[in-house]
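These notes are about the structure you will find just below.
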Amino acid sequence: MPMDRRSPLRLHVPEPTGRPGQLTDFSYLHLSPAGAVRRPQLDTPVQKTGDLCYALVRVLDDDGQAKGPWNPKLSPEVLKQGLRGMVRTRVFDARMLVAQRQKKISFYMQSLGEEAIGTAHSMALGPGDMNFPTYRQQSLLLARDDAPMVEMICQLLSNERDPLKGRQLPVMYSYKKLGFFSISGNLATQFIQAVGWAMASAIKGDTRIASGWIGDGSTAEADFHTALTFAHVYRAPVILNVVNNQWAISSFQAIAGGEGSTFAARGVGCGIASLRVDGNDFLAVYGASCWAAERARRNLGPTLIEWLTYRAGAHSTSDDPTKYRPADDWERFPLGDPIERLKRHLIAIGAWSEEQHAAMQKEVEAEVVAAQKEAERFGSLADGHLFSNSTMFDDVFEDVPDHLRRQRRQLGV
Amino acid sequence: MAQMTMIQALRSAMDVMLDRNPEVVVFGEDVGYFGGVFRCTEGLQAKYGKTRVFDTPISEGGIVGVAVGMGAYGLRPVAEIQFADYFYPASDQLVSEAARLRHRSAGDFTCPITVRMPCGGGIYGGQTHSQSPEALFTHVCGLRTVLPSNPYDAKGLLISAIENDDPVIFLEPKRIYNGPFDGHHDKPVVPWSKHPLGEVPEGYYTVPLESAKIFRPGQDVTVIAYGTMVWVAEAAANESGIDAEIVDLRSLWPMDLDTMVESVKKTGRCVIVHEATRTSGFGAELLSLVQEHCFYDLEAPIVRVTGWDTPYPHAQEWAYFPGPERVGEALARVMEAS
């Protein structure tokens, strides 16, 4: 072909459909109506689940009715427990955000709008199962009846009762006994580790499964793709969760490769059964989590779940999202607020009322306030009630080797 | 006692540990059915089954990543990186994860993994099969780095590494897998079967970590070396007639400082030898330590003999490799200075 007949090449740089001052066009989400998506048998061959990663599993409709085959048919008691877990997470986040503004805490990351995902998932897993979370899955811990709230706040305050001894940024919790792996802060690393943990459980003939977590943005990391390959190759008993909250700090999910495709579709290409699920729908999260967990427990292999949601707050207390996205995005986000949706459902089935909700909200607020008060008795980073400087030399190795003893002496502690 | 090559000794260490401890698993590229490109795991899958000794996808980040997860579960993984030159995709998992898990979780989770990798040149491997990246590991707090020089130490150190609750980088100088190599590439190799250090107990024993060995006692100058370079240093001492004391570090970090310092204080002179590139190499750390601890006992400036600061060449391998001639010149130089 002669040179003059070639058109110039163009580099495509994706953009969100709304920037500050504009209205986001959410049609890019491609929603399915509640109850419309089929629920295949647990042992359905992976190649026959391809449609599920372009559809959207939903149970709750706009009127609060539960519909379709993914409804986990939970008792009102369990639903109320879930509602309380979500409210506890939201109240906790709000209080800690204030504490950060008051400079009691150096840094905080809220999970506003994403509370259903960790809450319902945590309730769907069993004792001994291990989560490998990111920094926005505090609901996995806070949804539990035995949520270690005082200790968690001590970690946020980096005080003398911080279980991590002041070594980690706030929110980077570690709770082995509660099935919550140590949060790294380096993105995506935990995803392949979850697969390794699950492989170990299978090697030992154990019955416990693993659940790995990642955000839409960090699916671009090699560890994401590595995790999918290893999970598929060894049929690891693991759930691979992609929380697609649309934003990675200021980068829209299309910058991670979400444009014209879905993150769930990555899984099917790797031979992994994959679902795309309404992450703001408590019942859909519960139902899909149970399906994936059951597949893992029956040695049917891993499941990848893309949870569609919206990061309603800033990325962290160091971020200002009004600089890069419309301020009213969350109000207009078509999947709504997970707490409001479950509340509406409970009221619709006659198991809940506005009064009961207000009373529960008050109880939870008192619970968090009391926990914060208790934790603050042990000081904060601001007032200097910390673990001693000498403790930084511990746990680098199992024992303290000579060179660290010498350095500790040099520091004079 | 049996006569073993370093390959057989390493295999024996894994065999012993797979047998003794049901939490030990062995995996890596080609290590399962085939038994590894250097045959270090030959026969282990047949003996212990596919769920304890298995092949992995070609993904060093994945190999170390699943090892970290398995360690967190409670297993004791022994992962193989086919060549040390290939570990770079696993850097994040080693540096940010394995090395720091115990510290960042305040002991809630630990990482009792061993990552084996063949290193070093002398096999015409070119720039992608010859590197000695030990300084990249010794720089990382929380990693243990080990590098044996003979079959007896290799087996004892590997057992110690597997039993250790910290992540251990276990570097294997591939040029001496089959016999000690003194740098005279034009002479026939003496196999381990004809060498006393090829005598290895068949059962369980350990060589402790953080313990160096006086490989060759001497009075005039201390040579600090590890791996293949221990043999090169020995040849240089014998050929130059200089009574060098050779310290085989065995564990690079954390290290046995006392043995090294005691030797330099005795001889008053020091030559540091490694195959890796010079600048910011582990020799720079060793030199600093000798300076800090032995300055007033030194009779001469400390001298380093290392690979050049170039990629490891293929055809020019022997001009790159710091052989006995270069080490001998360094010995002569520190003896002349006063």
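By order in the structure tokens, chains are A, B, ...; within a chain, residues start at 1; ligands start at 1, following the order shown.
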Chain A near chain B within 8 Å: what's each residue's closest atom pair and its distance in Å to one decimal, counting only C-alpha atoms, ordered by chain then ascending residue number, as a Markdown table?
| residue | atom | partner | partner_atom | distance |
| --- | --- | --- | --- | --- |
| A:Pro163 | CA | B:Ala106 | CA | 7.1 |
| A:Leu164 | CA | B:Ala106 | CA | 5.1 |
| A:Lys165 | CA | B:Ala106 | CA | 6.8 |
| A:Arg167 | CA | B:Arg104 | CA | 5.9 |
| A:Gln168 | CA | B:Arg104 | CA | 6.2 |
| A:Tyr173 | CA | B:Ser105 | CA | 7.8 |
| A:Ser174 | CA | B:Ser105 | CA | 5.8 |
| A:Tyr175 | CA | B:Asp108 | CA | 7.2 |
| A:Lys176 | CA | B:Asp108 | CA | 6.3 |
| A:Phe181 | CA | B:Phe109 | CA | 7.9 |
| A:Ser182 | CA | B:Ser105 | CA | 5.8 |
| A:Ser184 | CA | B:Glu97 | CA | 7.3 |
| A:Asn186 | CA | B:Ser96 | CA | 7.2 |
| A:Thr189 | CA | B:Gln93 | CA | 6.7 |
| A:Gln190 | CA | B:Gly65 | CA | 8.0 |
| A:Ile192 | CA | B:Gly65 | CA | 5.5 |
| A:Gln193 | CA | B:Gly69 | CA | 4.1 |
| A:Ala194 | CA | B:Gly69 | CA | 5.9 |
| A:Val195 | CA | B:Val66 | CA | 6.3 |
| A:Gly196 | CA | B:Val66 | CA | 3.6 |
| A:Trp197 | CA | B:Gly69 | CA | 4.4 |
| A:Ala198 | CA | B:Met70 | CA | 7.8 |
| A:Met199 | CA | B:Met70 | CA | 7.2 |
| A:Ala200 | CA | B:Met70 | CA | 5.2 |
| A:Ser201 | CA | B:Tyr73 | CA | 7.4 |
| A:Ile203 | CA | B:Thr51 | CA | 5.9 |
| A:Asp223 | CA | B:Gly62 | CA | 7.0 |
| A:Thr226 | CA | B:Gly62 | CA | 5.6 |
| A:Ala227 | CA | B:Gly62 | CA | 7.0 |
| A:Thr229 | CA | B:Pro57 | CA | 7.8 |
| A:Phe230 | CA | B:Pro57 | CA | 7.3 |
| A:Asp394 | CA | B:His103 | CA | 7.3 |
| A:Asp395 | CA | B:His103 | CA | 4.7 |
| A:Val396 | CA | B:Gly142 | CA | 5.0 |
| A:Phe397 | CA | B:Gly142 | CA | 5.7 |
| A:Glu398 | CA | B:Asp166 | CA | 6.5 |
| A:Pro401 | CA | B:Pro254 | CA | 6.8 |
| A:His403 | CA | B:Pro254 | CA | 7.5 |
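For region 84-185 of chain B, a DSSP pass over the backbone yields alpha helix (DSSP H) at Ser91, Asp92, Leu101, Arg102, His103, Arg104, Glu134, Ala135, Leu136, Phe137, Thr138, Pro151, Tyr152, Asp153, Ala154, Lys155, Gly156, Leu157, Leu158, Ile159, Ser160, Ala161, Ile162 and Glu163 of chain B.
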One residue among B:Val221, B:Val230, B:Ala237, B:Ala284 is nearest to Lys266 (chain B) when using only C-alpha atoms, and that residue is B:Val221
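You will find CA of Ile246 (chain B) at 6.1 Å from CA of Ile224 (chain B).
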Practice task
Write out as a list in words the residues lying within 8 Å of region 12-17 of chain A, counting only C-alpha atoms and excluding same-chain residues fewer than 2 positions away.
Solution key: Arg10, Arg19, Leu23, Thr24, Asp25, Phe26, Phe252, Ala254, Ile255 and Glu259 of chain A
From a DSSP calculation on the backbone, collect every residue of region 119-247 of chain A in strand (DSSP E) and output the set as a PyMOL selection string.
chain A and resi 130-132+210-215+238-244+247
Restricting it to all heavy atoms, dump the selection as a CSV table (one decimal), in the first residue's frame.
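Contents of out.csv, as written:
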chain,number,residue,atom,x,y,z
A,130,MET,N,-10.0,-17.9,55.3
A,130,MET,CA,-9.1,-16.8,55.5
A,130,MET,C,-9.2,-15.8,54.3
A,130,MET,O,-9.1,-16.1,53.2
A,130,MET,CB,-7.6,-17.3,55.4
A,130,MET,CG,-6.5,-16.3,55.6
A,130,MET,SD,-6.5,-15.5,57.2
A,130,MET,CE,-5.9,-16.8,58.3
A,131,ASN,N,-9.5,-14.5,54.7
A,131,ASN,CA,-9.5,-13.4,53.8
A,131,ASN,C,-8.2,-12.8,53.6
A,131,ASN,O,-7.4,-12.7,54.5
A,131,ASN,CB,-10.5,-12.3,54.3
A,131,ASN,CG,-11.9,-12.7,54.1
A,131,ASN,OD1,-12.4,-12.7,52.9
A,131,ASN,ND2,-12.6,-13.1,55.2
A,132,PHE,N,-7.9,-12.4,52.4
A,132,PHE,CA,-6.6,-11.6,52.1
A,132,PHE,C,-7.1,-10.3,51.5
A,132,PHE,O,-7.2,-10.1,50.3
A,132,PHE,CB,-5.8,-12.4,51.1
A,132,PHE,CG,-5.1,-13.6,51.7
A,132,PHE,CD1,-5.8,-14.7,52.0
A,132,PHE,CD2,-3.7,-13.5,51.9
A,132,PHE,CE1,-5.1,-15.8,52.5
A,132,PHE,CE2,-3.0,-14.6,52.5
A,132,PHE,CZ,-3.8,-15.8,52.8
A,210,ALA,N,-10.0,-20.0,51.0
A,210,ALA,CA,-9.4,-18.6,51.1
A,210,ALA,C,-10.3,-17.7,50.2
A,210,ALA,O,-11.0,-18.1,49.3
A,210,ALA,CB,-8.0,-18.6,50.6
A,211,SER,N,-10.2,-16.4,50.6
A,211,SER,CA,-10.9,-15.4,49.8
A,211,SER,C,-10.0,-14.2,49.6
A,211,SER,O,-9.6,-13.6,50.5
A,211,SER,CB,-12.2,-15.0,50.5
A,211,SER,OG,-13.0,-14.2,49.6
A,212,GLY,N,-9.6,-14.0,48.3
A,212,GLY,CA,-8.7,-12.9,48.0
A,212,GLY,C,-9.4,-11.7,47.5
A,212,GLY,O,-10.4,-11.8,46.9
A,213,TRP,N,-8.8,-10.5,47.8
A,213,TRP,CA,-9.5,-9.2,47.5
A,213,TRP,C,-8.6,-8.3,46.7
A,213,TRP,O,-7.4,-8.3,46.9
A,213,TRP,CB,-9.9,-8.5,48.7
A,213,TRP,CG,-11.0,-9.3,49.5
A,213,TRP,CD1,-10.8,-10.3,50.4
A,213,TRP,CD2,-12.4,-9.2,49.4
A,213,TRP,NE1,-12.0,-10.8,50.8
A,213,TRP,CE2,-13.0,-10.1,50.2
A,213,TRP,CE3,-13.2,-8.3,48.7
A,213,TRP,CZ2,-14.4,-10.3,50.4
A,213,TRP,CZ3,-14.6,-8.4,48.8
A,213,TRP,CH2,-15.2,-9.4,49.7
A,214,ILE,N,-9.2,-7.6,45.7
A,214,ILE,CA,-8.4,-6.7,44.9
A,214,ILE,C,-9.3,-5.6,44.4
A,214,ILE,O,-10.5,-5.8,44.3
A,214,ILE,CB,-7.7,-7.4,43.8
A,214,ILE,CG1,-6.5,-6.7,43.2
A,214,ILE,CG2,-8.7,-7.8,42.6
A,214,ILE,CD1,-5.6,-7.5,42.3
A,215,GLY,N,-8.8,-4.4,44.1
A,215,GLY,CA,-9.7,-3.4,43.5
A,215,GLY,C,-9.6,-3.4,42.0
A,215,GLY,O,-8.7,-4.0,41.4
A,238,VAL,N,-10.5,-21.1,46.3
A,238,VAL,CA,-10.4,-19.7,46.6
A,238,VAL,C,-11.5,-18.9,45.9
A,238,VAL,O,-11.9,-19.3,44.8
A,238,VAL,CB,-9.0,-19.2,46.2
A,238,VAL,CG1,-8.7,-19.3,44.7
A,238,VAL,CG2,-8.7,-17.8,46.7
A,239,ILE,N,-11.9,-17.9,46.5
A,239,ILE,CA,-12.8,-16.9,45.9
A,239,ILE,C,-11.9,-15.7,45.5
A,239,ILE,O,-11.2,-15.2,46.4
A,239,ILE,CB,-14.0,-16.5,46.8
A,239,ILE,CG1,-14.7,-17.7,47.3
A,239,ILE,CG2,-14.9,-15.5,46.1
A,239,ILE,CD1,-15.8,-17.5,48.3
A,240,LEU,N,-12.0,-15.2,44.3
A,240,LEU,CA,-11.2,-14.1,43.8
A,240,LEU,C,-12.1,-12.9,43.6
A,240,LEU,O,-12.9,-12.9,42.7
A,240,LEU,CB,-10.5,-14.5,42.5
A,240,LEU,CG,-9.5,-15.7,42.7
A,240,LEU,CD1,-9.1,-16.2,41.3
A,240,LEU,CD2,-8.3,-15.3,43.5
A,241,ASN,N,-12.1,-12.0,44.6
A,241,ASN,CA,-13.0,-10.9,44.6
A,241,ASN,C,-12.4,-9.6,44.0
A,241,ASN,O,-11.3,-9.2,44.4
A,241,ASN,CB,-13.4,-10.5,46.0
A,241,ASN,CG,-14.0,-11.6,46.8
A,241,ASN,OD1,-15.2,-11.9,46.6
A,241,ASN,ND2,-13.2,-12.3,47.6
A,242,VAL,N,-13.0,-9.1,42.9
A,242,VAL,CA,-12.6,-7.8,42.4
A,242,VAL,C,-13.6,-6.7,42.8
A,242,VAL,O,-14.8,-6.8,42.3
A,242,VAL,CB,-12.5,-7.8,40.8
A,242,VAL,CG1,-12.0,-6.5,40.3
A,242,VAL,CG2,-11.5,-8.9,40.4
A,243,VAL,N,-13.3,-5.8,43.6
A,243,VAL,CA,-14.2,-4.8,44.0
A,243,VAL,C,-14.1,-3.6,43.0
A,243,VAL,O,-13.1,-2.9,43.0
A,243,VAL,CB,-13.9,-4.3,45.4
A,243,VAL,CG1,-14.9,-3.1,45.8
A,243,VAL,CG2,-14.1,-5.4,46.4
A,244,ASN,N,-15.0,-3.5,42.1
A,244,ASN,CA,-14.9,-2.5,41.1
A,244,ASN,C,-15.7,-1.3,41.6
A,244,ASN,O,-17.0,-1.2,41.3
A,244,ASN,CB,-15.5,-3.0,39.7
A,244,ASN,CG,-15.5,-1.9,38.7
A,244,ASN,OD1,-15.0,-0.8,38.9
A,244,ASN,ND2,-16.0,-2.3,37.5
A,247,TRP,N,-13.2,3.7,40.8
A,247,TRP,CA,-12.1,4.7,40.9
A,247,TRP,C,-10.9,4.1,41.7
A,247,TRP,O,-11.0,3.5,42.7
A,247,TRP,CB,-12.6,6.0,41.7
A,247,TRP,CG,-13.6,6.7,40.9
A,247,TRP,CD1,-15.0,6.6,40.9
A,247,TRP,CD2,-13.3,7.7,39.8
A,247,TRP,NE1,-15.5,7.4,40.0
A,247,TRP,CE2,-14.6,8.1,39.3
A,247,TRP,CE3,-12.1,8.2,39.3
A,247,TRP,CZ2,-14.6,9.0,38.2
A,247,TRP,CZ3,-12.2,9.1,38.2
A,247,TRP,CH2,-13.5,9.5,37.7
Legend entry - Who sits within 8 Å of Tyr152 (chain B), only C-alpha atoms, same chain under 4 positions skipped, as a list in words: Met6, Ala9, Gly156, Leu197, Gly198, Glu199, Val200 and Pro201 of chain B
Atoms kept (all heavy atoms) for selection, written as a PDB file, in the first residue's frame:
ATOM      1  N   MET B   6      27.122 -31.586  44.840  1.00  0.00           N
ATOM      2  CA  MET B   6      26.299 -30.600  45.530  1.00  0.00           C
ATOM      3  C   MET B   6      24.817 -30.793  45.156  1.00  0.00           C
ATOM      4  O   MET B   6      23.935 -30.616  45.985  1.00  0.00           O
ATOM      5  CB  MET B   6      26.750 -29.176  45.209  1.00  0.00           C
ATOM      6  CG  MET B   6      26.158 -28.183  46.202  1.00  0.00           C
ATOM      7  SD  MET B   6      26.457 -26.446  45.811  1.00  0.00           S
ATOM      8  CE  MET B   6      28.072 -26.215  46.435  1.00  0.00           C
ATOM      9  N   ALA B   9      23.577 -33.568  47.241  1.00  0.00           N
ATOM     10  CA  ALA B   9      23.485 -33.150  48.646  1.00  0.00           C
ATOM     11  C   ALA B   9      22.237 -32.289  48.868  1.00  0.00           C
ATOM     12  O   ALA B   9      21.533 -32.438  49.875  1.00  0.00           O
ATOM     13  CB  ALA B   9      24.746 -32.372  49.034  1.00  0.00           C
ATOM     14  N   GLY B 156      23.659 -29.285  54.902  1.00  0.00           N
ATOM     15  CA  GLY B 156      23.417 -28.860  56.288  1.00  0.00           C
ATOM     16  C   GLY B 156      22.781 -27.481  56.367  1.00  0.00           C
ATOM     17  O   GLY B 156      21.924 -27.218  57.217  1.00  0.00           O
ATOM     18  N   LEU B 197      35.204 -32.920  50.900  1.00  0.00           N
ATOM     19  CA  LEU B 197      33.972 -32.190  51.221  1.00  0.00           C
ATOM     20  C   LEU B 197      32.771 -32.705  50.438  1.00  0.00           C
ATOM     21  O   LEU B 197      31.653 -32.244  50.608  1.00  0.00           O
ATOM     22  CB  LEU B 197      34.153 -30.683  50.984  1.00  0.00           C
ATOM     23  CG  LEU B 197      34.932 -29.971  52.097  1.00  0.00           C
ATOM     24  CD1 LEU B 197      35.297 -28.560  51.681  1.00  0.00           C
ATOM     25  CD2 LEU B 197      34.167 -29.962  53.408  1.00  0.00           C
ATOM     26  N   GLY B 198      33.016 -33.706  49.567  1.00  0.00           N
ATOM     27  CA  GLY B 198      31.918 -34.411  48.924  1.00  0.00           C
ATOM     28  C   GLY B 198      31.398 -35.551  49.791  1.00  0.00           C
ATOM     29  O   GLY B 198      30.443 -36.227  49.442  1.00  0.00           O
ATOM     30  N   GLU B 199      32.012 -35.722  50.945  1.00  0.00           N
ATOM     31  CA  GLU B 199      31.535 -36.742  51.895  1.00  0.00           C
ATOM     32  C   GLU B 199      30.403 -36.146  52.713  1.00  0.00           C
ATOM     33  O   GLU B 199      30.599 -35.176  53.449  1.00  0.00           O
ATOM     34  CB  GLU B 199      32.669 -37.163  52.836  1.00  0.00           C
ATOM     35  CG  GLU B 199      33.538 -38.262  52.274  1.00  0.00           C
ATOM     36  CD  GLU B 199      34.646 -38.638  53.243  1.00  0.00           C
ATOM     37  OE1 GLU B 199      34.419 -38.588  54.476  1.00  0.00           O
ATOM     38  OE2 GLU B 199      35.743 -38.961  52.757  1.00  0.00           O
ATOM     39  N   VAL B 200      29.234 -36.723  52.555  1.00  0.00           N
ATOM     40  CA  VAL B 200      28.037 -36.130  53.162  1.00  0.00           C
ATOM     41  C   VAL B 200      27.249 -37.213  53.885  1.00  0.00           C
ATOM     42  O   VAL B 200      26.979 -38.268  53.312  1.00  0.00           O
ATOM     43  CB  VAL B 200      27.164 -35.493  52.050  1.00  0.00           C
ATOM     44  CG1 VAL B 200      25.874 -34.931  52.619  1.00  0.00           C
ATOM     45  CG2 VAL B 200      27.941 -34.403  51.303  1.00  0.00           C
ATOM     46  N   PRO B 201      26.857 -36.974  55.140  1.00  0.00           N
ATOM     47  CA  PRO B 201      26.004 -37.951  55.828  1.00  0.00           C
ATOM     48  C   PRO B 201      24.680 -38.119  55.089  1.00  0.00           C
ATOM     49  O   PRO B 201      24.139 -37.149  54.565  1.00  0.00           O
ATOM     50  CB  PRO B 201      25.782 -37.335  57.214  1.00  0.00           C
ATOM     51  CG  PRO B 201      26.842 -36.293  57.366  1.00  0.00           C
ATOM     52  CD  PRO B 201      27.174 -35.814  55.983  1.00  0.00           C
TER      53      PRO B 201
END
Min atom-atom distance to Gly113 (chain A) from the set A:Ala375, A:Leu335, A:Ala220, A:Ile249, counting only C-alpha atoms, belongs to A:Leu335
From the set A:Asn280, A:Ser316, A:Gln81, A:Gln47, which residue has the shortest atom-to-atom contact distance to Leu60 (chain A), counting only C-alpha atoms?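 Looking only at the distances to Leu60 (chain A), the closest residue turns out to be A:Asn280.
Near Phe333 (chain A), within a cut-off of 12 Å and counting only C-alpha atoms, sit the residues Gly18, Leu23, Thr24, Asp25, Phe26, Ser27, Tyr28, Leu29, Leu31, Gly113, Asn245, Gln246, Asn280, Leu308, Thr309, Tyr310, Arg311, Ala312, Pro326, Ala327, Asp328 and Pro338 of chain A, with same-chain residues fewer than 5 positions away left out.
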| task | Find the residues near Ile214 (chain B): any atom within 12 Å, counting only C-alpha atoms, skip ones fewer than 4 places away on the same chain, and give them as a PyMOL selection string. | result | chain B and resi 218+222-226+230+234+244-250+256+258-264
Judged by only C-alpha atoms, the minimum distance to Lys67 (chain A) among A:Ala296, A:Ala36, A:Ala359, A:Ala124 is found for A:Ala36
Judged by only C-alpha atoms, the minimum distance to Pro180 (chain B) among B:His129, B:His314, B:Lys213, B:Lys194 is found for B:Lys194
